[in-house]
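Just target_17.cif here, mmCIF, N, CA and C atoms:
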```cif
data_model
loop_
_atom_site.label_atom_id
_atom_site.label_comp_id
_atom_site.auth_asym_id
_atom_site.auth_seq_id
_atom_site.Cartn_x
_atom_site.Cartn_y
_atom_site.Cartn_z
N MET O 1306 21.39 -1.01 4.61
CA MET O 1306 20.50 0.07 4.95
C MET O 1306 19.09 -0.33 4.54
N LYS O 1307 18.14 -0.16 5.42
CA LYS O 1307 16.74 -0.43 5.12
C LYS O 1307 15.97 0.88 5.21
N ASN O 1308 15.08 1.11 4.24
CA ASN O 1308 14.21 2.28 4.26
C ASN O 1308 12.83 1.82 4.72
N LEU O 1309 12.32 2.44 5.77
CA LEU O 1309 11.02 2.08 6.31
C LEU O 1309 10.17 3.33 6.46
N ARG O 1310 8.85 3.17 6.42
CA ARG O 1310 7.93 4.27 6.70
C ARG O 1310 7.13 3.86 7.93
N ILE O 1311 7.16 4.71 8.95
CA ILE O 1311 6.46 4.45 10.20
C ILE O 1311 5.47 5.57 10.42
N THR O 1312 4.23 5.22 10.79
CA THR O 1312 3.21 6.22 11.06
C THR O 1312 2.92 6.22 12.55
N VAL O 1313 3.06 7.39 13.18
CA VAL O 1313 2.81 7.56 14.60
C VAL O 1313 1.79 8.67 14.77
N ASN O 1314 0.65 8.35 15.37
CA ASN O 1314 -0.41 9.33 15.59
C ASN O 1314 -0.76 10.10 14.32
N GLY O 1315 -0.83 9.39 13.20
CA GLY O 1315 -1.22 10.00 11.94
C GLY O 1315 -0.13 10.73 11.19
N THR O 1316 1.09 10.81 11.74
CA THR O 1316 2.20 11.46 11.06
C THR O 1316 3.15 10.39 10.54
N ALA O 1317 3.44 10.42 9.23
CA ALA O 1317 4.31 9.43 8.62
C ALA O 1317 5.76 9.89 8.70
N TYR O 1318 6.65 8.97 9.04
CA TYR O 1318 8.09 9.24 9.11
C TYR O 1318 8.81 8.25 8.21
N ASP O 1319 9.69 8.77 7.34
CA ASP O 1319 10.57 7.91 6.56
C ASP O 1319 11.83 7.71 7.38
N VAL O 1320 12.21 6.45 7.57
CA VAL O 1320 13.33 6.11 8.45
C VAL O 1320 14.31 5.24 7.69
N GLN O 1321 15.59 5.54 7.85
CA GLN O 1321 16.65 4.68 7.34
C GLN O 1321 17.29 4.00 8.53
N VAL O 1322 17.39 2.66 8.47
CA VAL O 1322 17.95 1.90 9.56
C VAL O 1322 19.12 1.09 9.02
N GLU O 1323 20.24 1.20 9.69
CA GLU O 1323 21.42 0.45 9.30
C GLU O 1323 21.64 -0.66 10.30
N GLU O 1324 21.76 -1.89 9.83
CA GLU O 1324 22.01 -3.02 10.71
C GLU O 1324 23.51 -3.15 10.90
N LEU O 1325 23.93 -3.09 12.16
CA LEU O 1325 25.35 -3.21 12.51
C LEU O 1325 25.56 -4.53 13.24
N GLY O 1326 26.81 -4.83 13.52
CA GLY O 1326 27.13 -6.04 14.26
C GLY O 1326 26.57 -5.98 15.67
N GLU O 1327 26.66 -7.09 16.41
CA GLU O 1327 26.10 -7.17 17.76
C GLU O 1327 26.76 -6.19 18.72
N SER O 1328 28.03 -5.85 18.50
CA SER O 1328 28.75 -5.00 19.44
C SER O 1328 28.47 -3.51 19.25
N ALA O 1329 27.92 -3.11 18.13
CA ALA O 1329 27.67 -1.69 17.86
C ALA O 1329 26.20 -1.36 18.09
N ALA O 1330 25.94 -0.14 18.47
CA ALA O 1330 24.55 0.32 18.67
C ALA O 1330 23.94 0.65 17.32
N PRO O 1331 22.66 0.32 17.10
CA PRO O 1331 22.02 0.64 15.83
C PRO O 1331 21.87 2.16 15.66
N ALA O 1332 21.95 2.60 14.42
CA ALA O 1332 21.79 4.03 14.10
C ALA O 1332 20.55 4.20 13.24
N ALA O 1333 19.78 5.26 13.52
CA ALA O 1333 18.58 5.52 12.72
C ALA O 1333 18.39 7.03 12.62
N ALA O 1334 17.89 7.48 11.49
CA ALA O 1334 17.58 8.89 11.29
C ALA O 1334 16.13 8.97 10.84
N ALA O 1335 15.38 9.93 11.38
CA ALA O 1335 13.97 10.05 11.01
C ALA O 1335 13.65 11.48 10.62
N ALA O 1336 12.76 11.61 9.64
CA ALA O 1336 12.29 12.92 9.21
C ALA O 1336 10.84 12.76 8.82
N PRO O 1337 9.99 13.76 9.09
CA PRO O 1337 8.60 13.64 8.69
C PRO O 1337 8.48 13.50 7.17
N ALA O 1338 7.61 12.62 6.75
CA ALA O 1338 7.40 12.40 5.32
C ALA O 1338 6.40 13.43 4.81
N ALA O 1339 6.78 14.16 3.78
CA ALA O 1339 5.89 15.17 3.23
C ALA O 1339 4.69 14.52 2.57
N LYS O 1340 4.95 13.48 1.78
CA LYS O 1340 3.89 12.78 1.07
C LYS O 1340 4.41 11.38 0.76
N PRO O 1341 3.60 10.33 0.98
CA PRO O 1341 4.08 8.99 0.67
C PRO O 1341 4.47 8.88 -0.80
N ALA O 1342 5.64 8.31 -1.03
CA ALA O 1342 6.10 8.13 -2.41
C ALA O 1342 5.41 6.91 -3.01
N PRO O 1343 5.01 6.96 -4.28
CA PRO O 1343 4.39 5.79 -4.89
C PRO O 1343 5.40 4.66 -4.99
N ALA O 1344 4.93 3.47 -4.73
CA ALA O 1344 5.80 2.30 -4.82
C ALA O 1344 6.13 2.04 -6.28
N ALA O 1345 7.37 1.65 -6.52
CA ALA O 1345 7.79 1.34 -7.89
C ALA O 1345 7.14 0.03 -8.30
N LYS O 1346 6.45 0.04 -9.40
CA LYS O 1346 5.76 -1.14 -9.90
C LYS O 1346 6.37 -1.54 -11.23
N PRO O 1347 6.61 -2.82 -11.44
CA PRO O 1347 7.10 -3.21 -12.76
C PRO O 1347 6.00 -2.99 -13.80
N ALA O 1348 6.39 -2.51 -14.95
CA ALA O 1348 5.42 -2.26 -16.01
C ALA O 1348 4.94 -3.58 -16.58
N ALA O 1349 3.65 -3.71 -16.70
CA ALA O 1349 3.05 -4.91 -17.28
C ALA O 1349 2.31 -4.47 -18.54
N PRO O 1350 2.13 -5.37 -19.46
CA PRO O 1350 1.40 -4.98 -20.66
C PRO O 1350 -0.02 -4.55 -20.32
N ALA O 1351 -0.48 -3.48 -20.95
CA ALA O 1351 -1.84 -3.01 -20.71
C ALA O 1351 -2.83 -4.04 -21.22
N GLY O 1352 -3.88 -4.23 -20.48
CA GLY O 1352 -4.89 -5.21 -20.88
C GLY O 1352 -6.10 -5.05 -20.00
N ALA O 1353 -6.97 -6.04 -20.01
CA ALA O 1353 -8.19 -5.99 -19.23
C ALA O 1353 -7.89 -5.91 -17.74
N LYS O 1354 -6.81 -6.55 -17.29
CA LYS O 1354 -6.51 -6.60 -15.87
C LYS O 1354 -5.91 -5.31 -15.35
N GLY O 1355 -5.30 -4.51 -16.15
CA GLY O 1355 -4.68 -3.27 -15.67
C GLY O 1355 -3.19 -3.46 -15.52
N SER O 1356 -2.45 -2.40 -15.77
CA SER O 1356 -1.00 -2.49 -15.77
C SER O 1356 -0.36 -2.22 -14.42
N VAL O 1357 -1.11 -1.64 -13.47
CA VAL O 1357 -0.58 -1.35 -12.14
C VAL O 1357 -1.34 -2.20 -11.13
N GLU O 1358 -0.64 -3.07 -10.42
CA GLU O 1358 -1.26 -3.92 -9.42
C GLU O 1358 -1.08 -3.29 -8.04
N ILE O 1359 -2.17 -3.16 -7.30
CA ILE O 1359 -2.10 -2.69 -5.92
C ILE O 1359 -2.33 -3.92 -5.06
N LYS O 1360 -1.31 -4.21 -4.21
CA LYS O 1360 -1.32 -5.45 -3.43
C LYS O 1360 -1.55 -5.17 -1.95
N ALA O 1361 -2.02 -6.19 -1.25
CA ALA O 1361 -2.26 -6.09 0.19
C ALA O 1361 -0.92 -5.93 0.91
N PRO O 1362 -0.80 -4.93 1.78
CA PRO O 1362 0.45 -4.72 2.50
C PRO O 1362 0.62 -5.68 3.68
N MET O 1363 -0.46 -6.38 4.05
CA MET O 1363 -0.45 -7.28 5.19
C MET O 1363 -1.58 -8.29 5.05
N PRO O 1364 -1.51 -9.40 5.75
CA PRO O 1364 -2.66 -10.31 5.75
C PRO O 1364 -3.78 -9.71 6.59
N GLY O 1365 -5.02 -9.99 6.22
CA GLY O 1365 -6.15 -9.47 6.98
C GLY O 1365 -7.46 -9.78 6.29
N THR O 1366 -8.49 -9.06 6.67
CA THR O 1366 -9.82 -9.24 6.10
C THR O 1366 -10.26 -7.94 5.44
N VAL O 1367 -10.78 -8.03 4.23
CA VAL O 1367 -11.28 -6.85 3.52
C VAL O 1367 -12.58 -6.43 4.21
N VAL O 1368 -12.60 -5.19 4.73
CA VAL O 1368 -13.79 -4.71 5.42
C VAL O 1368 -14.57 -3.70 4.59
N ASN O 1369 -13.93 -3.15 3.54
CA ASN O 1369 -14.64 -2.20 2.68
C ASN O 1369 -13.90 -2.07 1.36
N VAL O 1370 -14.65 -2.11 0.28
CA VAL O 1370 -14.11 -1.86 -1.06
C VAL O 1370 -14.75 -0.56 -1.51
N VAL O 1371 -13.94 0.49 -1.67
CA VAL O 1371 -14.44 1.84 -1.92
C VAL O 1371 -14.62 2.12 -3.41
N VAL O 1372 -13.91 1.40 -4.28
CA VAL O 1372 -13.93 1.70 -5.72
C VAL O 1372 -14.58 0.57 -6.51
N SER O 1373 -14.87 0.89 -7.77
CA SER O 1373 -15.41 -0.12 -8.69
C SER O 1373 -14.72 0.04 -10.04
N ALA O 1374 -14.79 -0.99 -10.85
CA ALA O 1374 -14.15 -0.97 -12.17
C ALA O 1374 -14.67 0.21 -12.99
N GLY O 1375 -13.74 0.90 -13.66
CA GLY O 1375 -14.09 2.03 -14.50
C GLY O 1375 -14.02 3.37 -13.78
N GLN O 1376 -13.88 3.35 -12.47
CA GLN O 1376 -13.84 4.58 -11.68
C GLN O 1376 -12.47 5.24 -11.79
N ALA O 1377 -12.45 6.56 -11.97
CA ALA O 1377 -11.20 7.32 -11.99
C ALA O 1377 -10.76 7.58 -10.56
N VAL O 1378 -9.45 7.42 -10.29
CA VAL O 1378 -8.91 7.69 -8.95
C VAL O 1378 -7.68 8.57 -9.07
N LYS O 1379 -7.40 9.30 -8.02
CA LYS O 1379 -6.22 10.16 -7.92
C LYS O 1379 -5.24 9.51 -6.95
N SER O 1380 -3.98 9.86 -7.08
CA SER O 1380 -2.96 9.37 -6.17
C SER O 1380 -3.36 9.68 -4.73
N GLY O 1381 -3.33 8.68 -3.86
CA GLY O 1381 -3.68 8.86 -2.46
C GLY O 1381 -5.13 8.55 -2.12
N ASP O 1382 -5.98 8.33 -3.14
CA ASP O 1382 -7.37 7.98 -2.87
C ASP O 1382 -7.44 6.59 -2.22
N ASP O 1383 -8.39 6.41 -1.29
CA ASP O 1383 -8.62 5.10 -0.68
C ASP O 1383 -9.23 4.17 -1.72
N LEU O 1384 -8.73 2.93 -1.75
CA LEU O 1384 -9.26 1.92 -2.66
C LEU O 1384 -10.00 0.82 -1.88
N VAL O 1385 -9.30 0.28 -0.88
CA VAL O 1385 -9.79 -0.85 -0.09
C VAL O 1385 -9.36 -0.64 1.35
N PHE O 1386 -10.15 -1.12 2.30
CA PHE O 1386 -9.75 -1.11 3.71
C PHE O 1386 -9.57 -2.56 4.17
N ILE O 1387 -8.44 -2.82 4.83
CA ILE O 1387 -8.13 -4.16 5.35
C ILE O 1387 -8.06 -4.07 6.87
N GLU O 1388 -8.70 -5.01 7.54
CA GLU O 1388 -8.61 -5.09 9.00
C GLU O 1388 -7.61 -6.16 9.37
N ALA O 1389 -6.65 -5.77 10.21
CA ALA O 1389 -5.66 -6.70 10.74
C ALA O 1389 -5.42 -6.31 12.19
N MET O 1390 -5.48 -7.24 13.08
CA MET O 1390 -5.25 -7.00 14.51
C MET O 1390 -6.17 -5.89 15.04
N LYS O 1391 -7.44 -5.92 14.62
CA LYS O 1391 -8.48 -4.99 15.06
C LYS O 1391 -8.23 -3.54 14.65
N MET O 1392 -7.38 -3.34 13.62
CA MET O 1392 -7.13 -2.01 13.08
C MET O 1392 -7.45 -2.00 11.60
N GLU O 1393 -8.18 -0.99 11.15
CA GLU O 1393 -8.48 -0.85 9.73
C GLU O 1393 -7.38 -0.04 9.06
N THR O 1394 -6.84 -0.57 7.98
CA THR O 1394 -5.77 0.09 7.24
C THR O 1394 -6.26 0.37 5.82
N PRO O 1395 -6.20 1.64 5.40
CA PRO O 1395 -6.60 1.95 4.02
C PRO O 1395 -5.47 1.57 3.05
N VAL O 1396 -5.84 1.02 1.92
CA VAL O 1396 -4.90 0.78 0.83
C VAL O 1396 -5.20 1.86 -0.19
N LYS O 1397 -4.20 2.68 -0.49
CA LYS O 1397 -4.40 3.87 -1.31
C LYS O 1397 -3.84 3.71 -2.72
N ALA O 1398 -4.35 4.51 -3.63
CA ALA O 1398 -3.87 4.52 -5.01
C ALA O 1398 -2.47 5.12 -5.04
N PRO O 1399 -1.50 4.43 -5.67
CA PRO O 1399 -0.14 4.96 -5.74
C PRO O 1399 0.02 6.05 -6.80
N GLN O 1400 -0.95 6.17 -7.69
CA GLN O 1400 -0.88 7.15 -8.78
C GLN O 1400 -2.29 7.40 -9.32
N ASP O 1401 -2.43 8.43 -10.14
CA ASP O 1401 -3.70 8.69 -10.81
C ASP O 1401 -3.95 7.57 -11.81
N GLY O 1402 -5.22 7.25 -12.05
CA GLY O 1402 -5.54 6.24 -13.04
C GLY O 1402 -7.02 5.90 -13.02
N THR O 1403 -7.34 4.83 -13.73
CA THR O 1403 -8.70 4.30 -13.79
C THR O 1403 -8.67 2.87 -13.28
N VAL O 1404 -9.61 2.53 -12.41
CA VAL O 1404 -9.68 1.17 -11.87
C VAL O 1404 -10.04 0.23 -13.01
N ALA O 1405 -9.15 -0.74 -13.27
CA ALA O 1405 -9.42 -1.74 -14.31
C ALA O 1405 -10.20 -2.91 -13.72
N THR O 1406 -9.71 -3.45 -12.59
CA THR O 1406 -10.40 -4.57 -11.94
C THR O 1406 -10.33 -4.42 -10.43
N VAL O 1407 -11.33 -4.97 -9.76
CA VAL O 1407 -11.33 -5.12 -8.31
C VAL O 1407 -11.28 -6.62 -8.07
N GLU O 1408 -10.21 -7.08 -7.44
CA GLU O 1408 -9.95 -8.52 -7.31
C GLU O 1408 -10.45 -9.13 -6.01
N VAL O 1409 -11.02 -8.31 -5.10
CA VAL O 1409 -11.47 -8.81 -3.80
C VAL O 1409 -12.87 -8.30 -3.49
N ALA O 1410 -13.49 -8.91 -2.49
CA ALA O 1410 -14.82 -8.51 -2.06
C ALA O 1410 -14.83 -8.33 -0.54
N LYS O 1411 -15.78 -7.55 -0.06
CA LYS O 1411 -15.93 -7.31 1.38
C LYS O 1411 -16.08 -8.65 2.10
N GLY O 1412 -15.35 -8.80 3.21
CA GLY O 1412 -15.41 -10.03 4.01
C GLY O 1412 -14.39 -11.08 3.62
N GLU O 1413 -13.68 -10.87 2.52
CA GLU O 1413 -12.71 -11.84 2.03
C GLU O 1413 -11.39 -11.74 2.80
N ALA O 1414 -10.82 -12.88 3.16
CA ALA O 1414 -9.50 -12.92 3.81
C ALA O 1414 -8.44 -12.85 2.72
N VAL O 1415 -7.40 -12.02 2.96
CA VAL O 1415 -6.33 -11.87 1.98
C VAL O 1415 -4.98 -12.06 2.67
N ASP O 1416 -4.02 -12.57 1.90
CA ASP O 1416 -2.65 -12.71 2.36
C ASP O 1416 -1.86 -11.49 1.93
N SER O 1417 -0.75 -11.25 2.58
CA SER O 1417 0.14 -10.17 2.20
C SER O 1417 0.61 -10.39 0.77
N GLY O 1418 0.59 -9.35 -0.05
CA GLY O 1418 1.02 -9.46 -1.43
C GLY O 1418 -0.08 -9.83 -2.41
N ARG O 1419 -1.26 -10.11 -1.93
CA ARG O 1419 -2.38 -10.46 -2.81
C ARG O 1419 -2.83 -9.22 -3.57
N VAL O 1420 -3.07 -9.37 -4.87
CA VAL O 1420 -3.55 -8.26 -5.69
C VAL O 1420 -4.97 -7.93 -5.28
N LEU O 1421 -5.19 -6.65 -4.93
CA LEU O 1421 -6.51 -6.18 -4.51
C LEU O 1421 -7.24 -5.48 -5.65
N VAL O 1422 -6.52 -4.57 -6.34
CA VAL O 1422 -7.07 -3.73 -7.39
C VAL O 1422 -6.01 -3.55 -8.45
N THR O 1423 -6.43 -3.42 -9.72
CA THR O 1423 -5.49 -3.06 -10.78
C THR O 1423 -5.95 -1.75 -11.39
N LEU O 1424 -4.98 -0.94 -11.81
CA LEU O 1424 -5.26 0.36 -12.42
C LEU O 1424 -4.67 0.42 -13.82
N ASN O 1425 -5.25 1.25 -14.64
CA ASN O 1425 -4.67 1.61 -15.95
C ASN O 1425 -4.27 3.05 -15.90
#
```
Please express the file's structure as structure tokens.
Amino acid sequence: MKNLRITVNGTAYDVQVEELGESAAPAAAAAPAAKPAPAAKPAAPAGAKGSVEIKAPMPGTVVNVVVSAGQAVKSGDDLVFIEAMKMETPVKAPQDGTVATVEVAKGEAVDSGRVLVTLN
């Protein structure tokens, strides 16, 4: 079973997809997502870098960095915008916190999984 989140026309849907053999038809169930759930992050020791790493969800180019070190953010606040395939995607704060570091700059190319911002 795979859990996926799909956004269609601004509405997020949480979807569970079960992979079956070639002879069976795939089954999927969808329900509107009330609010995106924060991604589970492994706890890291608190320090200058921040204990919560927010990573790039896809490869692309950073087109806007909205936050700076020391800034307080709430869950769901925009942190960075990444352009991929001519679409800008906001990377949002998974939880309330304070920005410890900003690891990227506007115009920088990033790979999927690259740390963009750390929070305390």
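Atom N of Thr1406 in chain O lies 21.0 Å from atom C of Pro1364 in chain O.
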- Task: Using the chain letters and numbers from the file, give me the residues hit by the PyMOL selection byres ((chain O and resi 1410) around 8), as a list of chain:residue names.
- Result: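 Checked against the file, the PyMOL selection byres ((chain O and resi 1410) around 8) matches O:Thr1366, O:Val1367, O:Val1368, O:Asn1369, O:Val1370, O:Val1407, O:Glu1408, O:Val1409, O:Lys1411, O:Gly1412, O:Glu1413, O:Ala1414, O:Leu1421.
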- Task: Rank O:Asn1308, O:Ser1380, O:Ser1356, O:Gln1400 by their smallest atom-to-atom distance to Asn1425 in chain O, using only C-alpha atoms, and report the top residue only.
- Result: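 Smallest distance to Asn1425 in chain O is found for O:Ser1356.
This file, queried with the PyMOL selection byres ((chain O and resi 1323) around 5), gives the residues Met1306, Lys1307, Gln1321, Val1322, Glu1324, Leu1325 and Ala1332 of chain O.
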- Message: Can you pull out the residues contacting Ile1359 in chain O? Cut-off 7 Å, using only C-alpha atoms, and skip same-chain residues under 4 positions away; I want them as number ranges by chain.
- Response: O: 1420-1423
- Message: At a cut-off of 8 Å, using only C-alpha atoms, what residues contact Met1363 in chain O? Leave out same-chain residues fewer than 4 positions from it and give the result as a ChimeraX atom specification.
- Response: /O:1389,1416-1418
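The two atoms in question, CA of Lys1379 in chain O and atom C of Asp1401 in chain O, are spaced 5.2 Å apart.
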